[in-house]
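To be precise, the following lines are structure.pdb, and they hold PDB, C-alpha atoms and all ligand atoms.
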```pdb
ATOM      1  CA  MET A   1       0.000   0.000   0.000
ATOM      2  CA  ALA A   2       2.658   2.469   1.026
ATOM      3  CA  GLY A   3       3.656   4.215  -2.156
ATOM      4  CA  THR A   4       7.048   5.534  -3.001
ATOM      5  CA  ARG A   5       5.645   9.044  -3.256
ATOM      6  CA  ARG A   6       6.736  11.437  -0.603
ATOM      7  CA  VAL A   7       3.916  12.111   1.833
ATOM      8  CA  SER A   8       3.284  15.795   1.818
ATOM      9  CA  SER A   9       1.237  17.758   4.315
ATOM     10  CA  ILE A  10       0.676  20.496   1.766
ATOM     11  CA  PHE A  11      -2.446  20.283  -0.332
ATOM     12  CA  ARG A  12      -1.874  23.386  -2.452
ATOM     13  CA  THR A  13      -0.101  26.701  -2.236
ATOM     14  CA  CYS A  14      -1.998  29.961  -2.149
ATOM     15  CA  SER A  15      -2.051  31.528  -5.617
ATOM     16  CA  THR A  16      -1.505  34.968  -4.116
ATOM     17  CA  CYS A  17       0.814  34.754  -1.126
ATOM     18  CA  LYS A  18       2.275  31.284  -1.896
ATOM     19  CA  LYS A  19       1.703  30.118   1.621
ATOM     20  CA  PRO A  20       0.960  26.406   1.861
ATOM     21  CA  ILE A  21      -2.624  25.253   2.216
ATOM     22  CA  ALA A  22      -2.664  22.161   4.406
ATOM     23  CA  TYR A  23      -4.927  19.176   4.133
ATOM     24  CA  ALA A  24      -8.252  19.284   5.972
ATOM     25  CA  THR A  25      -8.315  23.057   6.150
ATOM     26  CA  ARG A  26     -10.505  25.771   4.805
ATOM     27  CA  TYR A  27      -9.414  27.525   1.635
ATOM     28  CA  TYR A  28     -11.038  29.552  -1.094
ATOM     29  CA  VAL A  29     -11.465  29.358  -4.819
ATOM     30  CA  CYS A  30     -12.658  32.016  -7.231
ATOM     31  CA  SER A  31     -16.234  31.845  -8.496
ATOM     32  CA  VAL A  32     -15.068  32.657 -12.024
ATOM     33  CA  SER A  33     -14.867  29.444 -14.021
ATOM     34  CA  THR A  34     -11.642  30.362 -15.831
ATOM     35  CA  CYS A  35      -9.960  30.645 -12.436
ATOM     36  CA  GLN A  36     -11.115  27.104 -11.637
ATOM     37  CA  ARG A  37      -9.821  25.445 -14.794
ATOM     38  CA  THR A  38      -7.191  22.823 -14.235
ATOM     39  CA  ALA A  39      -4.639  24.950 -16.081
ATOM     40  CA  THR A  40      -5.232  27.906 -13.769
ATOM     41  CA  ASN A  41      -6.684  26.197 -10.747
ATOM     42  CA  PHE A  42      -6.320  29.062  -8.331
ATOM     43  CA  ALA A  43      -6.603  28.453  -4.622
ATOM     44  CA  PHE A  44      -6.406  31.063  -1.897
ATOM     45  CA  CYS A  45      -5.618  30.740   1.794
ATOM     46  CA  THR A  46      -7.848  33.650   2.807
ATOM     47  CA  VAL A  47     -10.574  35.824   1.293
ATOM     48  CA  ASP A  48      -8.034  38.663   1.331
ATOM     49  CA  CYS A  49      -5.730  36.669  -0.920
ATOM     50  CA  TRP A  50      -8.694  35.959  -3.175
ATOM     51  CA  ASP A  51      -9.526  39.694  -3.187
ATOM     52  CA  ALA A  52      -5.987  40.459  -4.281
ATOM     53  CA  HIS A  53      -6.340  38.594  -7.578
ATOM     54  CA  VAL A  54      -9.693  40.164  -8.507
ATOM     55  CA  PRO A  55      -8.370  43.488  -9.880
ATOM     56  CA  THR A  56      -5.536  41.657 -11.638
ATOM     57  CA  PHE A  57      -7.990  39.517 -13.539
ATOM     58  CA  ARG A  58     -10.544  42.321 -13.936
ATOM     59  CA  HIS A  59     -13.429  40.317 -12.556
ATOM     60  CA  LYS A  60     -16.738  42.098 -12.505
ATOM     61  CA  ASP A  61     -18.958  39.686 -10.640
ATOM     62  CA  ALA A  62     -16.913  37.292  -8.634
ATOM     63  CA  TRP A  63     -16.780  35.963  -5.152
ATOM     64  CA  ALA A  64     -14.685  33.654  -3.069
ATOM     65  CA  GLU A  65     -16.049  30.190  -2.531
ATOM     66  CA  GLU A  66     -15.143  28.500   0.670
ATOM     67  CA  MET A  67     -13.706  25.033   0.179
ATOM     68  CA  LYS A  68     -12.304  22.372   2.408
ATOM     69  CA  SER A  69      -9.154  20.631   1.332
ATOM     70  CA  PRO A  70      -9.213  16.839   1.375
ATOM     71  CA  SER A  71      -8.101  15.250   4.622
ATOM     72  CA  SER A  72      -5.048  13.567   3.128
ATOM     73  CA  GLN A  73      -2.981  13.178   0.006
ATOM     74  CA  ALA A  74      -4.593   9.785  -0.524
ATOM     75  CA  GLU A  75      -8.028  11.312  -0.497
ATOM     76  CA  ALA A  76      -6.892  14.034  -2.886
ATOM     77  CA  ALA A  77      -5.581  11.418  -5.313
ATOM     78  CA  ALA A  78      -8.948   9.682  -5.242
ATOM     79  CA  LEU A  79     -10.745  12.830  -6.329
ATOM     80  CA  PRO A  80     -11.479  13.359 -10.012
ATOM     81  CA  ILE A  81     -10.284  16.961  -9.836
ATOM     82  CA  GLN A  82      -7.826  18.067  -7.222
ATOM     83  CA  GLY A  83      -9.635  20.144  -4.666
ATOM     84  CA  ALA A  84     -13.099  19.128  -5.697
ATOM     85  CA  ALA A  85     -13.997  18.141  -2.147
ATOM     86  CA  ASN A  86     -16.611  20.755  -1.515
ATOM     87  CA  ARG A  87     -17.550  21.563  -5.077
ATOM     88  CA  ASN A  88     -21.249  21.145  -4.360
ATOM     89  CA  ILE A  89     -21.621  24.790  -3.339
ATOM     90  CA  ALA A  90     -20.235  25.780  -6.699
ATOM     91  CA  THR A  91     -21.783  23.290  -9.069
ATOM     92  CA  LYS A  92     -24.579  25.396 -10.549
ATOM     93  CA  LYS A  93     -22.123  27.525 -12.468
ATOM     94  CA  GLU A  94     -23.175  27.762 -16.100
ATOM     95  CA  PRO A  95     -26.632  29.262 -16.166
ATOM     96  CA  VAL A  96     -28.812  27.018 -18.265
ATOM     97  CA  MET A  97     -30.201  29.198 -20.985
ATOM     98  CA  ASN A  98     -33.683  28.355 -22.084
ATOM     99  CA  GLU A  99     -35.150  29.685 -25.346
ATOM    100  CA  GLU A 100     -36.693  32.742 -23.705
ATOM    101  CA  ALA A 101     -33.521  33.722 -21.914
ATOM    102  CA  ALA A 102     -31.453  33.228 -25.045
ATOM    103  CA  LYS A 103     -32.692  36.404 -26.691
ATOM    104  CA  PRO A 104     -29.881  38.913 -27.067
ATOM    105  CA  SER A 105     -30.621  41.294 -24.240
ATOM    106  CA  GLU A 106     -27.848  42.819 -22.205
ATOM    107  CA  ALA A 107     -28.959  41.479 -18.860
ATOM    108  CA  THR A 108     -30.464  38.031 -18.984
ATOM    109  CA  SER A 109     -32.725  36.657 -16.328
ATOM    110  CA  GLU A 110     -29.723  34.764 -14.938
ATOM    111  CA  ASP A 111     -27.407  37.690 -14.441
ATOM    112  CA  VAL A 112     -25.957  38.563 -11.078
ATOM    113  CA  LEU A 113     -27.222  42.020 -10.176
ATOM    114  CA  ILE A 114     -25.449  42.670  -6.940
ATOM    115  CA  VAL A 115     -21.817  43.158  -6.028
ATOM    116  CA  ALA A 116     -21.050  39.811  -4.452
ATOM    117  CA  SER A 117     -17.759  40.826  -2.840
ATOM    118  CA  LYS A 118     -19.353  43.868  -1.175
ATOM    119  CA  LEU A 119     -22.297  41.894   0.136
ATOM    120  CA  LYS A 120     -19.989  39.201   1.439
ATOM    121  CA  SER A 121     -17.745  41.662   3.223
ATOM    122  CA  TYR A 122     -20.790  43.435   4.674
ATOM    123  CA  ILE A 123     -22.150  40.189   6.077
ATOM    124  CA  ARG A 124     -18.725  39.226   7.357
ATOM    125  CA  ALA A 125     -18.110  42.621   8.964
ATOM    126  CA  LYS A 126     -21.533  42.681  10.569
ATOM    127  CA  SER A 127     -21.714  39.100  11.782
ATOM    128  CA  GLY A 128     -18.476  37.274  11.076
ATOM    129  CA  MET A 129     -20.524  34.861   8.977
ATOM    130  CA  ASN A 130     -19.750  33.435   5.586
ATOM    131  CA  THR A 131     -22.128  33.846   2.687
ATOM    132  CA  SER A 132     -23.078  30.921   0.501
ATOM    133  CA  ALA A 133     -22.723  31.442  -3.235
ATOM    134  CA  SER A 134     -26.410  30.781  -3.781
ATOM    135  CA  VAL A 135     -27.296  33.907  -1.768
ATOM    136  CA  ILE A 136     -26.036  36.011  -4.660
ATOM    137  CA  ASP A 137     -28.514  34.386  -7.020
ATOM    138  CA  ALA A 138     -31.357  34.625  -4.519
ATOM    139  CA  LEU A 139     -30.778  38.325  -3.936
ATOM    140  CA  SER A 140     -30.299  39.013  -7.635
ATOM    141  CA  GLY A 141     -33.729  37.471  -8.156
ATOM    142  CA  LYS A 142     -35.211  39.809  -5.566
ATOM    143  CA  VAL A 143     -33.535  42.858  -7.113
ATOM    144  CA  ARG A 144     -34.827  41.763 -10.516
ATOM    145  CA  LYS A 145     -38.396  41.506  -9.189
ATOM    146  CA  LEU A 146     -38.174  44.948  -7.594
ATOM    147  CA  ALA A 147     -36.727  46.399 -10.789
ATOM    148  CA  ASP A 148     -39.460  44.813 -12.903
ATOM    149  CA  ALA A 149     -42.129  46.331 -10.666
ATOM    150  CA  ALA A 150     -40.413  49.721 -10.824
ATOM    151  CA  ILE A 151     -40.227  49.535 -14.619
ATOM    152  CA  ALA A 152     -43.951  48.782 -14.787
ATOM    153  CA  LYS A 153     -44.711  51.730 -12.521
ATOM    154  CA  ALA A 154     -42.561  54.122 -14.582
ATOM    155  CA  GLN A 155     -44.213  52.854 -17.783
ATOM    156  CA  SER A 156     -47.669  53.300 -16.331
ATOM    157  CA  GLU A 157     -46.819  56.946 -15.706
ATOM    158  CA  GLY A 158     -45.516  57.355 -19.239
ATOM    159  CA  ARG A 159     -41.895  57.834 -18.175
ATOM    160  CA  LYS A 160     -38.806  56.488 -19.860
ATOM    161  CA  THR A 161     -36.716  56.745 -16.701
ATOM    162  CA  VAL A 162     -37.025  54.532 -13.666
ATOM    163  CA  MET A 163     -36.789  56.689 -10.564
ATOM    164  CA  ASP A 164     -36.230  56.130  -6.880
ATOM    165  CA  ARG A 165     -39.914  56.663  -6.149
ATOM    166  CA  ASP A 166     -40.764  53.685  -8.351
ATOM    167  CA  PHE A 167     -39.271  51.513  -5.621
ATOM    168  CA  GLU A 168     -41.438  52.884  -2.845
TER     169      GLU A 168
HETATM  170 ZN    ZN B 201      -2.647  33.546   0.649
HETATM  171 ZN    ZN B 202     -10.657  34.716 -10.327
END
```

Can I see the file as structure tokens?
Ligand SMILES: [Zn+2]
Ligand SMILES: [Zn+2]
Amino acid sequence: MAGTRRVSSIFRTCSTCKKPIAYATRYYVCSVSTCQRTATNFAFCTVDCWDAHVPTFRHKDAWAEEMKSPSSQAEAAALPIQGAANRNIATKKEPVMNEEAAKPSEATSEDVLIVASKLKSYIRAKSGMNTSASVIDALSGKVRKLADAAIAKAQSEGRKTVMDRDFE
């Protein structure tokens, strides 16, 4: 059973600060799919380190996803993708476009409408809590509903500009 491979206690190194990320610890990946490709495969030891790469890669809507590294090298080797341990929070990535949503509008019904990093830091600052990735979608849906209602109100008054009072 014992392989000839050196047993390492380091799962990955942080893509920003290069500090080692141990097994069975919390780490972060970027919500942007290109940052999760095997070729790139970024991992970050803290949300701050994740934040640091965002301007570099000019992300618009991105957030850090909390992951847990596998408990051992053996477990990591058994995984189809390295670091896929807690992927479930991140699986619903590509929005499935149905025929209606496929029309060429600028903002589709799947678009993220809120600044995920700001919301996450607000929640963290206020409560110390993490924010699940799905919250961004849920809140975007709420913003979309409010915006739709405001649009209808502005239209009913013959305006071409949605105004603050349309949200009252
Ligand atoms: Zn780091
Ligand atoms: Zn990224």

Q: On this file, the PyMOL selection byres (((not hetatm)) within 6 of (chain B and resi 202)) gives some set of residues; write that set as a ChimeraX atom specification.
A: /A:30,32,35,54

Q. Around (-4.2, 20.3, 3.8) in the file's frame, which residues reach within 10 Å when counting all atoms listed in the file? Return as a PyMOL selection string?
A. chain A and resi 8-13+20-27+68-73+76

Q) Do you know which residues are within 8 Å of ligand ZN 201 (chain B) using all atoms listed in the file? Can you write them as a list in words? A) Thr13, Cys14, Ser15, Thr16, Cys17, Lys18, Lys19, Phe44, Cys45, Thr46, Asp48, Cys49 and Trp50 of chain A

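Taking all atoms listed in the file into account, Ser132 in chain A lies nearest to A:Glu66 out of the set A:Glu66, A:Ala52, A:Ala78, A:Asn41.
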
Q) How far is it from CA of Met67 in chain A to CA of Arg37 in chain A, in Å with one decimal? A) 15.5 Å

Q: Kindly give the distance, in Å, that separates CA of Glu75 in chain A and CA of Ser33 in chain A, rounded to a single decimal.
A: 23.6 Å

Determine the residue membership of the PyMOL selection byres (((chain A and resi 137) around 10) and not hetatm) for the file above and supply it as a PDB file with C-alpha atoms, in the frame of the given file.
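Written output follows (part16.pdb):
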```pdb
ATOM      1  CA  GLU A 110     -29.723  34.764 -14.938  1.00  0.00           C
ATOM      2  CA  ASP A 111     -27.407  37.690 -14.441  1.00  0.00           C
ATOM      3  CA  VAL A 112     -25.957  38.563 -11.078  1.00  0.00           C
ATOM      4  CA  LEU A 113     -27.222  42.020 -10.176  1.00  0.00           C
ATOM      5  CA  ILE A 114     -25.449  42.670  -6.940  1.00  0.00           C
ATOM      6  CA  ALA A 116     -21.050  39.811  -4.452  1.00  0.00           C
ATOM      7  CA  SER A 132     -23.078  30.921   0.501  1.00  0.00           C
ATOM      8  CA  ALA A 133     -22.723  31.442  -3.235  1.00  0.00           C
ATOM      9  CA  SER A 134     -26.410  30.781  -3.781  1.00  0.00           C
ATOM     10  CA  VAL A 135     -27.296  33.907  -1.768  1.00  0.00           C
ATOM     11  CA  ILE A 136     -26.036  36.011  -4.660  1.00  0.00           C
ATOM     12  CA  ALA A 138     -31.357  34.625  -4.519  1.00  0.00           C
ATOM     13  CA  LEU A 139     -30.778  38.325  -3.936  1.00  0.00           C
ATOM     14  CA  SER A 140     -30.299  39.013  -7.635  1.00  0.00           C
ATOM     15  CA  GLY A 141     -33.729  37.471  -8.156  1.00  0.00           C
ATOM     16  CA  LYS A 142     -35.211  39.809  -5.566  1.00  0.00           C
ATOM     17  CA  VAL A 143     -33.535  42.858  -7.113  1.00  0.00           C
TER      18      VAL A 143
END
```

Kindly compute an axis-aligned box around the listed atoms of range 37-46 of chain A, allowing 4 Å on each side, and express its centre and edge lengths in Å to one decimal as AutoDock Vina command-line options.
```
--center_x -7.2 --center_y 28.2 --center_z -6.6 --size_x 13.2 --size_y 18.8 --size_z 26.9
```

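For the choices A:Arg159, A:Arg165, A:His53, A:Lys60, the atom-to-atom distance to Leu146 in chain A is smallest for A:Arg165 when using all atoms listed in the file.
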
Q | d(CA of Leu119 in chain A, CA of Thr131 in chain A) in Å | A | 8.4 Å

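The list of residues with at least one atom within 9 Å of Val162 in chain A, based on only C-alpha atoms and without residues fewer than 5 positions apart in the same chain, reads A:Ala147, A:Ala150, A:Ile151, A:Lys153, A:Ala154, A:Gln155, A:Phe167.
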
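With distances restricted to only C-alpha atoms, A:Asn130 is the closest residue to Val47 in chain A from A:Ala74, A:Asn130, A:Glu157, A:Asp61.
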
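Across A:Tyr28, A:Lys160, A:Ser117, A:Ala77, the tightest approach to His59 in chain A is made by A:Ser117 when counting all atoms listed in the file.
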